[in-house]
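*Asks:* Pasting upload.tsv below, which is TSV, C-alpha atoms and all ligand atoms.
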chain	number	residue	atom	x	y	z
R	300	MET	CA	0.00	0.00	0.00
R	301	LEU	CA	1.28	3.48	-0.78
R	302	ALA	CA	2.12	5.51	2.30
R	303	GLY	CA	-0.28	8.32	1.43
R	304	GLU	CA	-3.12	5.96	0.75
R	305	ALA	CA	-2.45	4.04	3.96
R	306	ALA	CA	-2.82	7.22	5.94
R	307	MET	CA	-6.16	7.88	4.25
R	308	HIS	CA	-7.66	4.60	5.43
R	309	GLY	CA	-10.01	5.25	8.29
R	310	THR	CA	-11.04	3.11	11.23
R	311	LYS	CA	-10.51	-0.58	10.53
R	312	THR	CA	-13.36	-2.99	10.99
R	313	PRO	CA	-12.61	-6.41	12.51
R	314	ARG	CA	-12.83	-7.82	8.97
R	315	ASP	CA	-10.12	-5.40	7.76
R	316	MET	CA	-7.89	-6.38	10.68
R	317	ARG	CA	-7.77	-9.98	9.44
R	318	VAL	CA	-6.44	-8.99	6.04
R	319	PRO	CA	-2.68	-8.99	5.56
R	320	ARG	CA	-1.73	-5.56	4.22
R	321	VAL	CA	1.97	-6.09	3.71
R	322	GLY	CA	2.84	-6.36	0.05
R	323	GLN	CA	-0.61	-5.50	-1.23
R	324	LEU	CA	-0.42	-4.02	-4.69
R	325	PHE	CA	-3.80	-2.30	-4.81
R	326	SER	CA	-5.04	0.23	-2.30
R	327	ARG	CA	-8.80	0.56	-1.91
R	328	HIS	CA	-10.30	4.05	-2.00
R	329	ARG	CA	-11.21	5.12	1.53
R	330	ALA	CA	-14.76	6.08	0.51
R	331	ASN	CA	-15.55	2.78	-1.22
R	332	PRO	CA	-17.99	1.87	-2.55
R	333	ILE	CA	-17.97	5.00	-4.70
R	334	LEU	CA	-21.33	4.30	-6.35
R	335	THR	CA	-24.30	2.45	-4.88
R	336	PRO	CA	-27.94	1.91	-5.88
R	337	THR	CA	-29.01	4.74	-3.56
R	338	ASP	CA	-26.99	7.21	-5.67
R	339	TRP	CA	-29.12	6.42	-8.72
R	340	PRO	CA	-31.68	8.91	-10.00
R	341	TYR	CA	-34.15	6.07	-10.57
R	342	THR	CA	-34.98	2.88	-8.70
R	343	VAL	CA	-32.50	0.04	-9.28
R	344	ASN	CA	-31.32	-3.11	-7.58
R	345	ALA	CA	-27.56	-2.99	-8.17
R	346	VAL	CA	-24.83	-0.95	-9.91
R	347	PHE	CA	-21.54	-2.68	-10.74
R	348	ASN	CA	-18.89	-3.74	-13.30
R	349	PRO	CA	-18.33	-0.33	-14.99
R	350	GLY	CA	-16.35	0.46	-18.12
R	351	ALA	CA	-14.11	3.52	-17.61
R	352	VAL	CA	-12.62	6.19	-19.87
R	353	LEU	CA	-11.66	9.86	-19.81
R	354	ASP	CA	-13.71	12.20	-21.99
R	355	ARG	CA	-12.24	15.03	-24.06
R	356	ASN	CA	-12.30	17.39	-21.05
R	357	GLY	CA	-10.45	14.93	-18.82
R	358	ASP	CA	-13.57	14.03	-16.84
R	359	THR	CA	-14.09	10.39	-15.93
R	360	ILE	CA	-16.91	8.53	-17.59
R	361	LEU	CA	-18.10	5.30	-16.07
R	362	LEU	CA	-20.52	3.21	-18.08
R	363	VAL	CA	-22.13	1.29	-15.27
R	364	ARG	CA	-23.97	-2.00	-15.42
R	365	VAL	CA	-27.28	-1.35	-13.72
R	366	GLU	CA	-29.58	-4.17	-12.72
R	367	ASP	CA	-33.20	-3.13	-12.46
R	368	ARG	CA	-35.67	-4.58	-10.03
R	369	ALA	CA	-36.88	-7.13	-12.57
R	370	GLY	CA	-33.33	-8.50	-12.76
R	371	ARG	CA	-32.43	-7.19	-16.25
R	372	SER	CA	-29.30	-5.17	-16.82
R	373	HIS	CA	-28.70	-2.00	-18.83
R	374	LEU	CA	-25.79	0.44	-19.10
R	375	THR	CA	-25.94	4.00	-17.74
R	376	VAL	CA	-23.41	6.84	-17.94
R	377	ALA	CA	-21.99	8.45	-14.77
R	378	ARG	CA	-19.52	11.39	-14.94
R	379	SER	CA	-17.14	12.86	-12.37
R	380	GLY	CA	-14.41	15.51	-12.47
R	381	ASP	CA	-12.03	13.59	-10.18
R	382	GLY	CA	-13.23	10.06	-10.94
R	383	LEU	CA	-14.18	9.42	-7.33
R	384	THR	CA	-16.76	11.91	-6.09
R	385	ASP	CA	-19.62	14.19	-7.16
R	386	TRP	CA	-20.99	11.84	-9.80
R	387	LYS	CA	-23.52	13.12	-12.32
R	388	ILE	CA	-25.63	10.14	-13.28
R	389	GLU	CA	-27.75	10.21	-16.42
R	390	PRO	CA	-31.47	9.90	-15.67
R	391	ARG	CA	-31.95	7.35	-18.44
R	392	PRO	CA	-30.08	4.24	-19.65
R	393	PHE	CA	-27.61	4.61	-22.51
R	394	ILE	CA	-27.75	1.00	-23.78
R	395	GLU	CA	-30.73	-1.05	-22.64
R	396	PRO	CA	-32.49	-4.30	-23.46
R	397	SER	CA	-33.70	-3.77	-26.97
R	398	HIS	CA	-35.52	-5.04	-30.01
R	399	ARG	CA	-32.20	-6.58	-31.08
R	400	TYR	CA	-31.85	-10.32	-30.60
R	401	ALA	CA	-28.26	-9.90	-29.35
R	402	ASP	CA	-29.17	-8.01	-26.17
R	403	ARG	CA	-32.90	-8.59	-25.85
R	404	TRP	CA	-32.56	-9.79	-22.27
R	405	GLY	CA	-29.93	-7.31	-21.13
R	406	ALA	CA	-26.64	-5.49	-21.57
R	407	GLU	CA	-23.85	-6.27	-19.08
R	408	ASP	CA	-20.19	-5.69	-18.16
R	409	PRO	CA	-18.96	-3.03	-20.66
R	410	ARG	CA	-15.30	-2.33	-21.39
R	411	ILE	CA	-14.40	0.89	-23.20
R	412	THR	CA	-11.46	1.51	-25.57
R	413	LEU	CA	-10.69	4.85	-27.24
R	414	ILE	CA	-9.32	4.54	-30.80
R	415	ASP	CA	-8.83	7.56	-33.08
R	416	GLY	CA	-11.43	9.64	-31.24
R	417	THR	CA	-14.14	6.96	-31.14
R	418	TYR	CA	-15.12	5.14	-27.96
R	419	PHE	CA	-15.64	1.44	-28.59
R	420	ILE	CA	-17.75	-0.43	-26.07
R	421	ALA	CA	-17.52	-4.21	-25.87
R	422	TYR	CA	-20.34	-5.50	-23.69
R	423	THR	CA	-22.10	-8.75	-22.95
R	424	GLY	CA	-25.46	-8.93	-24.65
R	425	PHE	CA	-27.80	-11.36	-22.98
R	426	SER	CA	-29.56	-12.94	-25.95
R	427	PRO	CA	-32.28	-15.60	-25.77
R	428	SER	CA	-29.58	-18.03	-26.96
R	429	GLY	CA	-27.17	-17.01	-24.18
R	430	PRO	CA	-24.53	-14.36	-23.52
R	431	LEU	CA	-22.50	-13.00	-26.43
R	432	VAL	CA	-20.19	-10.08	-27.18
R	433	VAL	CA	-21.58	-6.94	-28.81
R	434	LEU	CA	-19.21	-4.26	-30.07
R	435	ALA	CA	-20.68	-0.73	-30.17
R	436	ALA	CA	-19.23	2.68	-31.00
R	437	THR	CA	-20.01	6.17	-29.74
R	438	GLU	CA	-18.51	9.63	-30.12
R	439	ASP	CA	-20.36	11.28	-27.27
R	440	PHE	CA	-22.10	8.74	-24.99
R	441	ALA	CA	-25.40	10.18	-26.21
R	442	THR	CA	-25.96	7.99	-29.30
R	443	TYR	CA	-24.25	4.81	-30.42
R	444	SER	CA	-24.09	2.36	-33.29
R	445	ILE	CA	-23.46	-1.39	-33.30
R	446	CYS	CA	-20.27	-2.50	-35.09
R	447	SER	CA	-20.74	-6.24	-34.77
R	448	VAL	CA	-21.93	-9.20	-32.78
R	449	VAL	CA	-18.56	-10.89	-32.50
R	450	ALA	CA	-19.58	-14.57	-32.39
R	451	PRO	CA	-22.52	-16.78	-31.43
R	452	PRO	CA	-23.00	-17.58	-27.71
R	453	GLU	CA	-21.49	-18.22	-25.32
R	454	ASP	CA	-18.95	-15.43	-25.18
R	455	LYS	CA	-18.16	-12.71	-22.60
R	456	ASP	CA	-15.45	-10.49	-21.12
R	457	ALA	CA	-14.34	-8.66	-24.26
R	458	ALA	CA	-12.36	-5.50	-24.97
R	459	LEU	CA	-10.56	-4.03	-27.94
R	460	PHE	CA	-6.86	-3.25	-27.77
R	461	PRO	CA	-6.35	0.53	-28.20
R	462	VAL	CA	-4.05	0.07	-31.23
R	463	ARG	CA	-4.09	-1.90	-34.46
R	464	PHE	CA	-1.55	-4.65	-35.11
R	465	GLY	CA	-0.58	-4.12	-38.71
R	466	GLU	CA	-3.90	-3.18	-40.25
R	467	ARG	CA	-5.95	-5.31	-37.89
R	468	TYR	CA	-7.94	-4.57	-34.76
R	469	ALA	CA	-7.53	-7.07	-31.92
R	470	LEU	CA	-10.17	-8.13	-29.41
R	471	PHE	CA	-9.84	-10.17	-26.24
R	472	HIS	CA	-12.88	-12.30	-25.48
R	473	ARG	CA	-13.81	-15.43	-23.57
R	474	PRO	CA	-15.79	-18.03	-25.53
R	475	VAL	CA	-17.13	-21.00	-23.58
R	476	ALA	CA	-16.69	-24.55	-24.83
R	477	SER	CA	-19.77	-26.73	-24.87
R	478	GLY	CA	-20.60	-27.82	-21.34
R	479	ALA	CA	-20.55	-31.42	-22.57
R	480	HIS	CA	-16.76	-31.32	-22.63
R	481	GLY	CA	-16.49	-30.13	-19.06
R	482	LEU	CA	-13.65	-27.79	-20.01
R	483	ALA	CA	-13.00	-24.48	-18.30
R	484	PRO	CA	-13.20	-21.46	-20.62
R	485	ASN	CA	-10.09	-19.62	-21.81
R	486	MET	CA	-9.26	-16.11	-23.02
R	487	TRP	CA	-8.82	-15.69	-26.80
R	488	ILE	CA	-7.66	-12.88	-29.07
R	489	SER	CA	-9.37	-12.49	-32.46
R	490	PHE	CA	-8.46	-10.07	-35.23
R	491	SER	CA	-10.50	-8.00	-37.66
R	492	PRO	CA	-9.72	-5.63	-40.53
R	493	ASP	CA	-13.02	-3.76	-40.11
R	494	LEU	CA	-14.51	-4.45	-36.62
R	495	THR	CA	-17.16	-6.59	-38.33
R	496	HIS	CA	-15.45	-9.75	-39.56
R	497	TRP	CA	-13.45	-11.59	-36.87
R	498	GLY	CA	-10.90	-14.35	-37.40
R	499	ASP	CA	-7.37	-15.68	-36.78
R	500	HIS	CA	-8.61	-16.76	-33.33
R	501	ARG	CA	-5.81	-17.55	-30.84
R	502	VAL	CA	-6.04	-18.81	-27.29
R	503	VAL	CA	-3.81	-16.68	-25.06
R	504	ILE	CA	-4.61	-17.12	-21.36
R	505	GLU	CA	-6.06	-20.43	-20.23
R	506	SER	CA	-7.87	-21.43	-17.07
R	507	ARG	CA	-5.44	-23.51	-15.10
R	508	ARG	CA	-6.19	-27.14	-14.34
R	509	SER	CA	-4.70	-27.45	-10.90
R	510	GLY	CA	-6.69	-26.44	-7.82
R	511	VAL	CA	-5.67	-22.80	-7.95
R	512	TRP	CA	-7.57	-19.51	-7.79
R	513	ASP	CA	-8.08	-19.31	-11.60
R	514	ARG	CA	-9.03	-22.89	-12.31
R	515	GLU	CA	-12.74	-22.69	-13.20
R	516	LYS	CA	-12.81	-19.64	-15.45
R	517	VAL	CA	-10.67	-16.73	-16.53
R	518	GLY	CA	-11.87	-13.57	-18.27
R	519	LEU	CA	-10.43	-10.20	-19.22
R	520	GLY	CA	-10.89	-7.30	-16.82
R	521	PRO	CA	-10.23	-3.80	-18.24
R	522	PRO	CA	-8.83	-3.34	-21.77
R	523	PRO	CA	-5.12	-4.25	-22.04
R	524	LEU	CA	-2.82	-1.39	-21.04
R	525	GLU	CA	0.26	-0.61	-23.16
R	526	THR	CA	3.50	-0.31	-21.17
R	527	ALA	CA	7.18	-0.31	-22.16
R	528	ALA	CA	7.36	-3.93	-20.95
R	529	GLY	CA	4.37	-5.08	-22.98
R	530	TRP	CA	0.58	-5.24	-22.67
R	531	LEU	CA	-0.50	-5.38	-19.06
R	532	VAL	CA	-3.59	-7.52	-18.61
R	533	LEU	CA	-5.74	-7.74	-15.50
R	534	PHE	CA	-8.03	-10.76	-15.60
R	535	HIS	CA	-10.46	-12.41	-13.24
R	536	GLY	CA	-10.18	-15.99	-12.15
R	537	VAL	CA	-12.84	-18.11	-10.51
R	538	LYS	CA	-12.63	-20.87	-7.95
R	539	SER	CA	-15.66	-22.69	-6.60
R	540	THR	CA	-15.92	-23.26	-2.90
R	541	ALA	CA	-18.53	-24.81	-0.63
R	542	ALA	CA	-19.76	-21.24	-0.03
R	543	GLY	CA	-19.98	-20.28	-3.72
R	544	SER	CA	-17.63	-18.90	-6.37
R	545	LEU	CA	-14.72	-16.63	-5.46
R	546	TYR	CA	-13.85	-14.03	-8.12
R	547	ARG	CA	-10.31	-12.66	-7.84
R	548	ALA	CA	-7.98	-10.81	-10.23
R	549	GLY	CA	-4.49	-11.65	-11.49
R	550	LEU	CA	-1.99	-10.16	-13.92
R	551	ALA	CA	-0.40	-11.13	-17.21
R	552	LEU	CA	2.01	-9.32	-19.47
R	553	LEU	CA	1.84	-9.87	-23.24
R	554	ASP	CA	4.41	-9.14	-25.92
R	555	ARG	CA	4.02	-5.59	-27.19
R	556	GLU	CA	4.32	-6.50	-30.89
R	557	ASP	CA	2.56	-9.86	-30.75
R	558	PRO	CA	-0.08	-9.87	-27.99
R	559	THR	CA	-0.73	-13.59	-28.45
R	560	LEU	CA	2.60	-14.27	-26.65
R	561	VAL	CA	2.49	-14.36	-22.85
R	562	ARG	CA	5.63	-12.82	-21.34
R	563	ALA	CA	4.56	-13.51	-17.76
R	564	ARG	CA	1.50	-14.49	-15.72
R	565	SER	CA	1.04	-14.21	-12.00
R	566	ASP	CA	0.72	-17.45	-10.08
R	567	GLU	CA	-1.05	-15.60	-7.28
R	568	TRP	CA	-4.01	-13.29	-7.48
R	569	VAL	CA	-3.27	-9.61	-6.88
R	570	PHE	CA	-6.73	-8.49	-5.77
R	571	GLY	CA	-9.46	-10.46	-4.09
R	572	PRO	CA	-12.66	-9.96	-2.07
R	573	GLU	CA	-11.70	-8.79	1.43
R	574	ALA	CA	-13.60	-5.61	2.29
R	575	PRO	CA	-17.11	-5.87	3.76
R	576	TYR	CA	-18.73	-4.48	0.58
R	577	GLU	CA	-16.97	-7.21	-1.45
R	578	LEU	CA	-18.07	-9.96	0.93
R	579	GLN	CA	-21.71	-8.89	1.25
R	580	GLY	CA	-24.14	-8.21	-1.57
R	581	ASP	CA	-26.09	-10.03	-4.25
R	582	VAL	CA	-23.11	-12.26	-5.04
R	583	PRO	CA	-20.71	-12.30	-2.07
R	584	GLY	CA	-17.02	-12.88	-2.67
R	585	VAL	CA	-16.75	-11.11	-6.02
R	586	VAL	CA	-14.38	-8.41	-7.22
R	587	PHE	CA	-14.85	-7.85	-10.94
R	588	PRO	CA	-12.53	-5.20	-12.47
R	589	THR	CA	-13.76	-3.77	-15.77
R	590	GLY	CA	-12.01	-0.39	-16.09
R	591	TRP	CA	-8.72	1.30	-15.28
R	592	LEU	CA	-7.27	4.73	-15.95
R	593	SER	CA	-3.70	6.04	-15.88
R	594	LEU	CA	-2.97	8.62	-13.17
R	595	PRO	CA	0.06	10.93	-12.80
R	596	GLU	CA	3.37	9.54	-11.53
R	597	GLY	CA	2.98	6.05	-12.95
R	598	ARG	CA	-0.09	5.14	-10.96
R	599	LEU	CA	-3.39	3.78	-12.13
R	600	ARG	CA	-6.89	3.56	-10.78
R	601	MET	CA	-8.93	0.43	-11.21
R	602	TYR	CA	-12.73	0.41	-11.15
R	603	TYR	CA	-14.52	-2.77	-10.24
R	604	GLY	CA	-17.83	-4.27	-9.28
R	605	ALA	CA	-18.05	-5.41	-5.65
R	606	ALA	CA	-20.29	-8.40	-4.86
R	607	ASP	CA	-22.39	-7.63	-7.97
R	608	SER	CA	-23.92	-4.77	-5.98
R	609	THR	CA	-21.76	-1.61	-5.99
R	610	VAL	CA	-18.89	0.15	-7.79
R	611	ALA	CA	-15.53	0.52	-6.04
R	612	ALA	CA	-12.08	1.88	-6.91
R	613	ALA	CA	-8.47	1.04	-5.98
R	614	THR	CA	-5.08	2.40	-7.01
R	615	ALA	CA	-1.74	0.76	-7.78
R	616	THR	CA	1.66	1.70	-9.17
R	617	LEU	CA	2.36	0.43	-12.66
R	618	ASP	CA	5.99	-0.48	-11.93
R	619	ASP	CA	4.91	-2.51	-8.90
R	620	LEU	CA	2.45	-4.51	-11.01
R	621	ILE	CA	5.02	-5.25	-13.71
R	622	ASP	CA	7.66	-6.19	-11.16
R	623	PHE	CA	5.17	-8.47	-9.41
R	624	VAL	CA	4.13	-10.37	-12.53
R	625	PHE	CA	7.75	-11.17	-13.41
R	626	ARG	CA	8.69	-12.11	-9.85
R	627	HIS	CA	5.64	-14.31	-9.35
R	628	CYS	CA	5.30	-15.85	-12.81
R	629	VAL	CA	3.55	-19.24	-13.07
R	630	CYS	CA	6.79	-20.75	-14.44
R	631	GLY	CA	8.64	-19.97	-11.20
R	632	ASP	CA	11.48	-18.14	-12.96
R	633	PHE	CA	12.35	-14.44	-12.86
R	634	HIS	CA	12.68	-13.60	-16.56
R	635	PRO	CA	12.19	-9.86	-17.21
R	636	ASP	CA	14.07	-10.09	-20.54
R	637	ARG	CA	12.20	-12.93	-22.22
R	638	THR	CA	8.85	-14.63	-22.72
R	639	CYS	CA	7.52	-17.09	-20.15
R	640	PRO	CA	9.06	-20.47	-21.06
R	641	ILE	CA	5.72	-22.23	-20.57
R	642	GLY	CA	3.63	-19.48	-22.20
R	643	GLY	CA	1.76	-18.68	-19.01
R	644	SER	CA	-0.06	-22.01	-19.18
R	645	ASP	CA	-0.52	-24.61	-16.49
R	646	THR	CA	2.59	-26.46	-15.45
R	647	ASP	CA	0.80	-29.71	-14.71
R	648	SER	CA	-1.96	-29.83	-17.34
Z	701	LIG	C1	-19.89	-13.32	-14.32
Z	701	LIG	C2	-20.59	-12.12	-14.93
Z	701	LIG	C3	-20.35	-10.89	-14.10
Z	701	LIG	C4	-20.56	-11.13	-12.62
Z	701	LIG	C5	-19.82	-12.37	-12.16
Z	701	LIG	C6	-20.04	-12.70	-10.71
Z	701	LIG	O1	-20.26	-14.50	-14.99
Z	701	LIG	O2	-21.96	-12.37	-15.00
Z	701	LIG	O3	-21.22	-9.87	-14.53
Z	701	LIG	O4	-20.07	-10.01	-11.91
Z	701	LIG	O5	-20.24	-13.46	-12.97
Z	701	LIG	O6	-21.40	-12.97	-10.44
How does the structure come out when it is put into structure tokens?
Ligand code: BMA
*Replies:*
Amino acid sequence: MLAGEAAMHGTKTPRDMRVPRVGQLFSRHRANPILTPTDWPYTVNAVFNPGAVLDRNGDTILLVRVEDRAGRSHLTVARSGDGLTDWKIEPRPFIEPSHRYADRWGAEDPRITLIDGTYFIAYTGFSPSGPLVVLAATEDFATYSICSVVAPPEDKDAALFPVRFGERYALFHRPVASGAHGLAPNMWISFSPDLTHWGDHRVVIESRRSGVWDREKVGLGPPPLETAAGWLVLFHGVKSTAAGSLYRAGLALLDREDPTLVRARSDEWVFGPEAPYELQGDVPGVVFPTGWLSLPEGRLRMYYGAADSTVAAATATLDDLIDFVFRHCVCGDFHPDRTCPIGGSDTDS
């Protein structure tokens, strides 16, 4: 925890006291959760899993997943000057269950990527055939157009990279193999020349087979972040327990030129449910990062859904995250100058 942030933490609850603070990479905002259903200008059940981006004035835009009191989700815009307080929440949904087949039953878990002045939103459309990835574009968060439905169900947890590789756009997403095979889903990158036709599909980050924190599922968090060391990826991993599923987040670093190569992947999670608002809610034991923004002095702020009920924020230092992923790589070696010898995959699969 950064010294300044540590000083900002207020009175500790008994639950906080149990949590080891030493070596923690992310520091929770002292006023978490920063957005709750009671902040909303209309009646809702839950607000969580927001996409995040800065607008042209430097204000923070969160596109928040809002679950109404029938259980359907839509996406609503919230704006703040400092990204933490004084939120202005739109009185109406921006993207909501529609006449389209792709998101007839709801719109969930948006990730936002700015490319050449256009904001691209990859969200999970809940279609009558199951969840799938919808890619939309907006200039102003007032109107939007649909670029493509990326693939048939089931598919989730998608975001565009903020650059093209050669002439092609690249999208992370998480298709699910048929349940008949009993295989855990993995994270794939697909490429497109036009944001409509997707191909050259490559698996990049797999769920691990051994009984670890990311064994049941993995899925992208915020859009990949470009650093001098490569693309920094924050992803969630799921482990089932007798008390339900635990959603935690880990790190990977991908090659800057070829993002299908894993340079390093953290064996341990770097952020997990610990605070009371992450342990209590509609789905206890869930932290679900979906946005992050660069701050001055090499820091970044992550936005995440807590227990599928509220929106929270935490900060970290970029250098600390990159150092951590190399020092705690799944391969067990410290290899800052080369790619992970086992490609970030499971050692005993
Ligand atoms: C995932 C998604 C997320 C949710 C998480 C935990 O499958 O549906 O929206 O936050 O489960 O319930």
*Asks:* Any residue with an atom at most 10 Å from ligand LIG 701 (chain Z) counts, using all atoms listed in the file. Which are they? Put them as a ChimeraX atom specification.
*Replies:* /R:347-349,364,372,406-409,423,425,430,455-456,516-518,535,537,544-546,581-589,603-608
*Asks:* With C-alpha atoms retained, write the just-selected residues as a JSON list (two decimals), in the coordinates of the input.
*Replies:*
[["chain", "number", "residue", "atom", "x", "y", "z"],
["R", 347, "PHE", "CA", -21.54, -2.68, -10.74],
["R", 348, "ASN", "CA", -18.89, -3.74, -13.30],
["R", 349, "PRO", "CA", -18.33, -0.33, -14.99],
["R", 364, "ARG", "CA", -23.97, -2.00, -15.42],
["R", 372, "SER", "CA", -29.30, -5.17, -16.82],
["R", 406, "ALA", "CA", -26.64, -5.49, -21.57],
["R", 407, "GLU", "CA", -23.85, -6.27, -19.08],
["R", 408, "ASP", "CA", -20.19, -5.69, -18.16],
["R", 409, "PRO", "CA", -18.96, -3.03, -20.66],
["R", 423, "THR", "CA", -22.10, -8.75, -22.95],
["R", 425, "PHE", "CA", -27.80, -11.36, -22.98],
["R", 430, "PRO", "CA", -24.53, -14.36, -23.52],
["R", 455, "LYS", "CA", -18.16, -12.71, -22.60],
["R", 456, "ASP", "CA", -15.45, -10.49, -21.12],
["R", 516, "LYS", "CA", -12.81, -19.64, -15.45],
["R", 517, "VAL", "CA", -10.67, -16.73, -16.53],
["R", 518, "GLY", "CA", -11.87, -13.57, -18.27],
["R", 535, "HIS", "CA", -10.46, -12.41, -13.24],
["R", 537, "VAL", "CA", -12.84, -18.11, -10.51],
["R", 544, "SER", "CA", -17.63, -18.90, -6.37],
["R", 545, "LEU", "CA", -14.72, -16.63, -5.46],
["R", 546, "TYR", "CA", -13.85, -14.03, -8.12],
["R", 581, "ASP", "CA", -26.09, -10.03, -4.25],
["R", 582, "VAL", "CA", -23.11, -12.26, -5.04],
["R", 583, "PRO", "CA", -20.71, -12.30, -2.07],
["R", 584, "GLY", "CA", -17.02, -12.88, -2.67],
["R", 585, "VAL", "CA", -16.75, -11.11, -6.02],
["R", 586, "VAL", "CA", -14.38, -8.41, -7.22],
["R", 587, "PHE", "CA", -14.85, -7.85, -10.94],
["R", 588, "PRO", "CA", -12.53, -5.20, -12.47],
["R", 589, "THR", "CA", -13.76, -3.77, -15.77],
["R", 603, "TYR", "CA", -14.52, -2.77, -10.24],
["R", 604, "GLY", "CA", -17.83, -4.27, -9.28],
["R", 605, "ALA", "CA", -18.05, -5.41, -5.65],
["R", 606, "ALA", "CA", -20.29, -8.40, -4.86],
["R", 607, "ASP", "CA", -22.39, -7.63, -7.97],
["R", 608, "SER", "CA", -23.92, -4.77, -5.98]]
*Asks:* Select, from R:Glu395, R:Asp354, R:Asp367, R:Asp513, the residue with the minimum atom-to-atom distance to R:Thr412, counting only C-alpha atoms.
*Replies:*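 Using only C-alpha atoms, R:Thr412 sits closest to R:Asp354.
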*Asks:* Within 10 Å of stretch 478-500 of chain R, which residues of stretch 520-575 of chain R show up? Give each one with its shortest atom-to-atom distance in Å (one decimal) and the two atoms involved, counting only C-alpha atoms, rows by chain then rising residue number, as a tab-separated table.
*Replies:*
residue	atom	partner	partner_atom	distance
R:Phe534	CA	R:Met486	CA	9.2
R:Pro558	CA	R:Ile488	CA	8.2
R:Thr559	CA	R:Ile488	CA	7.0
*Asks:* Just C-alpha atoms for this one: save the residues we selected as a PDB file, in the frame of the given file.
*Replies:*
ATOM      1  CA  PHE R 534      -8.030 -10.760 -15.600  1.00  0.00           C
ATOM      2  CA  PRO R 558      -0.080  -9.870 -27.990  1.00  0.00           C
ATOM      3  CA  THR R 559      -0.730 -13.590 -28.450  1.00  0.00           C
TER       4      THR R 559
END
*Asks:* Would you list the contacts of R:Asp381 as a list in words, taking every protein, DNA or RNA residue within 10 Å and counting only C-alpha atoms, but skipping same-chain residues closer than 2 positions in sequence?
*Replies:* Gly357, Asp358, Thr359, Arg378, Ser379, Leu383, Thr384, Asp385 and Trp386 of chain R
*Asks:* Could you state the separation of atom CA of R:Gly382 and atom CA of R:Gly405 in Å, given to one decimal place?
*Replies:*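 Interatomic distance here is 26.2 Å.
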*Asks:* Looking at only C-alpha atoms, which of R:Gly380, R:Cys630, R:Leu531, R:Asp566 is the one that sits closest to R:Leu599?
*Replies:*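 Distance minimum relative to R:Leu599 lands on R:Leu531.
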*Asks:* Find the spatial neighbours of R:Val376, counting all atoms listed in the file, within a cut-off of 8 Å - ignore same-chain residues fewer than 2 positions away - and output them as JSON, numbers by chain.
*Replies:* {"R": [360, 361, 362, 363, 374, 378, 388, 389, 392, 393, 440]}
*Asks:* Return the single residue from R:Val610, R:Leu459, R:Ala527, R:Ala476 that is closest to R:Asn331, with distances computed using only C-alpha atoms.
*Replies:*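 The shortest atom-to-atom distance to R:Asn331 comes from R:Val610.
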*Asks:* At most 9 Å from (-5.7, -1.8, -36.0), file frame, only C-alpha atoms: which residues, as a PyMOL selection string?
*Replies:* chain R and resi 414+460-469+490-493
*Asks:* Using only C-alpha atoms for the distances, tell me which of R:Leu353, R:Met601, R:Val449, R:Ala612 is nearest to R:Ala330.
*Replies:*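 Closest to R:Ala330, using only C-alpha atoms: R:Ala612.
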*Asks:* Which residues are near R:Glu596? Cut-off 12 Å, only C-alpha atoms, ignore same chain within fewer than 2 positions. Put them as number ranges by chain.
*Replies:* R: 593-594, 598-600, 614-618
*Asks:* Find the distance between atom CA of R:Cys628 and atom CA of R:Arg501 and write it in Å to one decimal.
*Replies:*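 Result for atom CA of R:Cys628 versus atom CA of R:Arg501: 21.2 Å, one decimal.
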*Asks:* Identify which of the residues R:Leu560, R:Leu550, R:Ala611, R:Ala574 lies closest to R:Cys639, counting only C-alpha atoms when measuring atom-to-atom distances.
*Replies:*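 Closest residue, counting only C-alpha atoms: R:Leu560.
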*Asks:* Compare R:Val511, R:Ala377, R:Ala457, R:Leu413 by their minimum atom-to-atom distance to R:Asp645, counting all atoms listed in the file, and give me the closest one.
*Replies:*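 Using all atoms listed in the file, the shortest distance to R:Asp645 belongs to R:Val511.
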*Asks:* Around stretch 599-614 of chain R, fit a box with edges along x, y and z, padding it by 5 Å on each side, then list its centre and edge lengths in Å to one decimal as JSON.
*Replies:*
{"center_x": -13.7, "center_y": -2.3, "center_z": -8.5, "size_x": 30.5, "size_y": 22.2, "size_z": 17.3}
*Asks:* Would you mind writing stretch 628-634 of chain R with N, CA and C atoms, as a compact mmCIF listing (two decimals), in the frame of the given file?
*Replies:*
# COMPACT_ATOMS: atom_id res chain seq x y z
N CYS R 628 5.83 -15.21 -11.60
CA CYS R 628 5.30 -15.85 -12.81
C CYS R 628 4.97 -17.32 -12.54
N VAL R 629 3.96 -17.83 -13.24
CA VAL R 629 3.55 -19.24 -13.07
C VAL R 629 4.70 -20.21 -13.32
N CYS R 630 5.70 -19.82 -14.12
CA CYS R 630 6.79 -20.75 -14.44
C CYS R 630 7.79 -20.85 -13.30
N GLY R 631 7.74 -19.91 -12.35
CA GLY R 631 8.64 -19.97 -11.20
C GLY R 631 9.98 -19.29 -11.44
N ASP R 632 10.22 -18.83 -12.66
CA ASP R 632 11.48 -18.14 -12.96
C ASP R 632 11.27 -16.63 -12.97
N PHE R 633 12.36 -15.90 -12.69
CA PHE R 633 12.35 -14.44 -12.86
C PHE R 633 12.98 -14.16 -14.23
N HIS R 634 12.17 -13.69 -15.19
CA HIS R 634 12.68 -13.60 -16.56
C HIS R 634 12.23 -12.28 -17.22
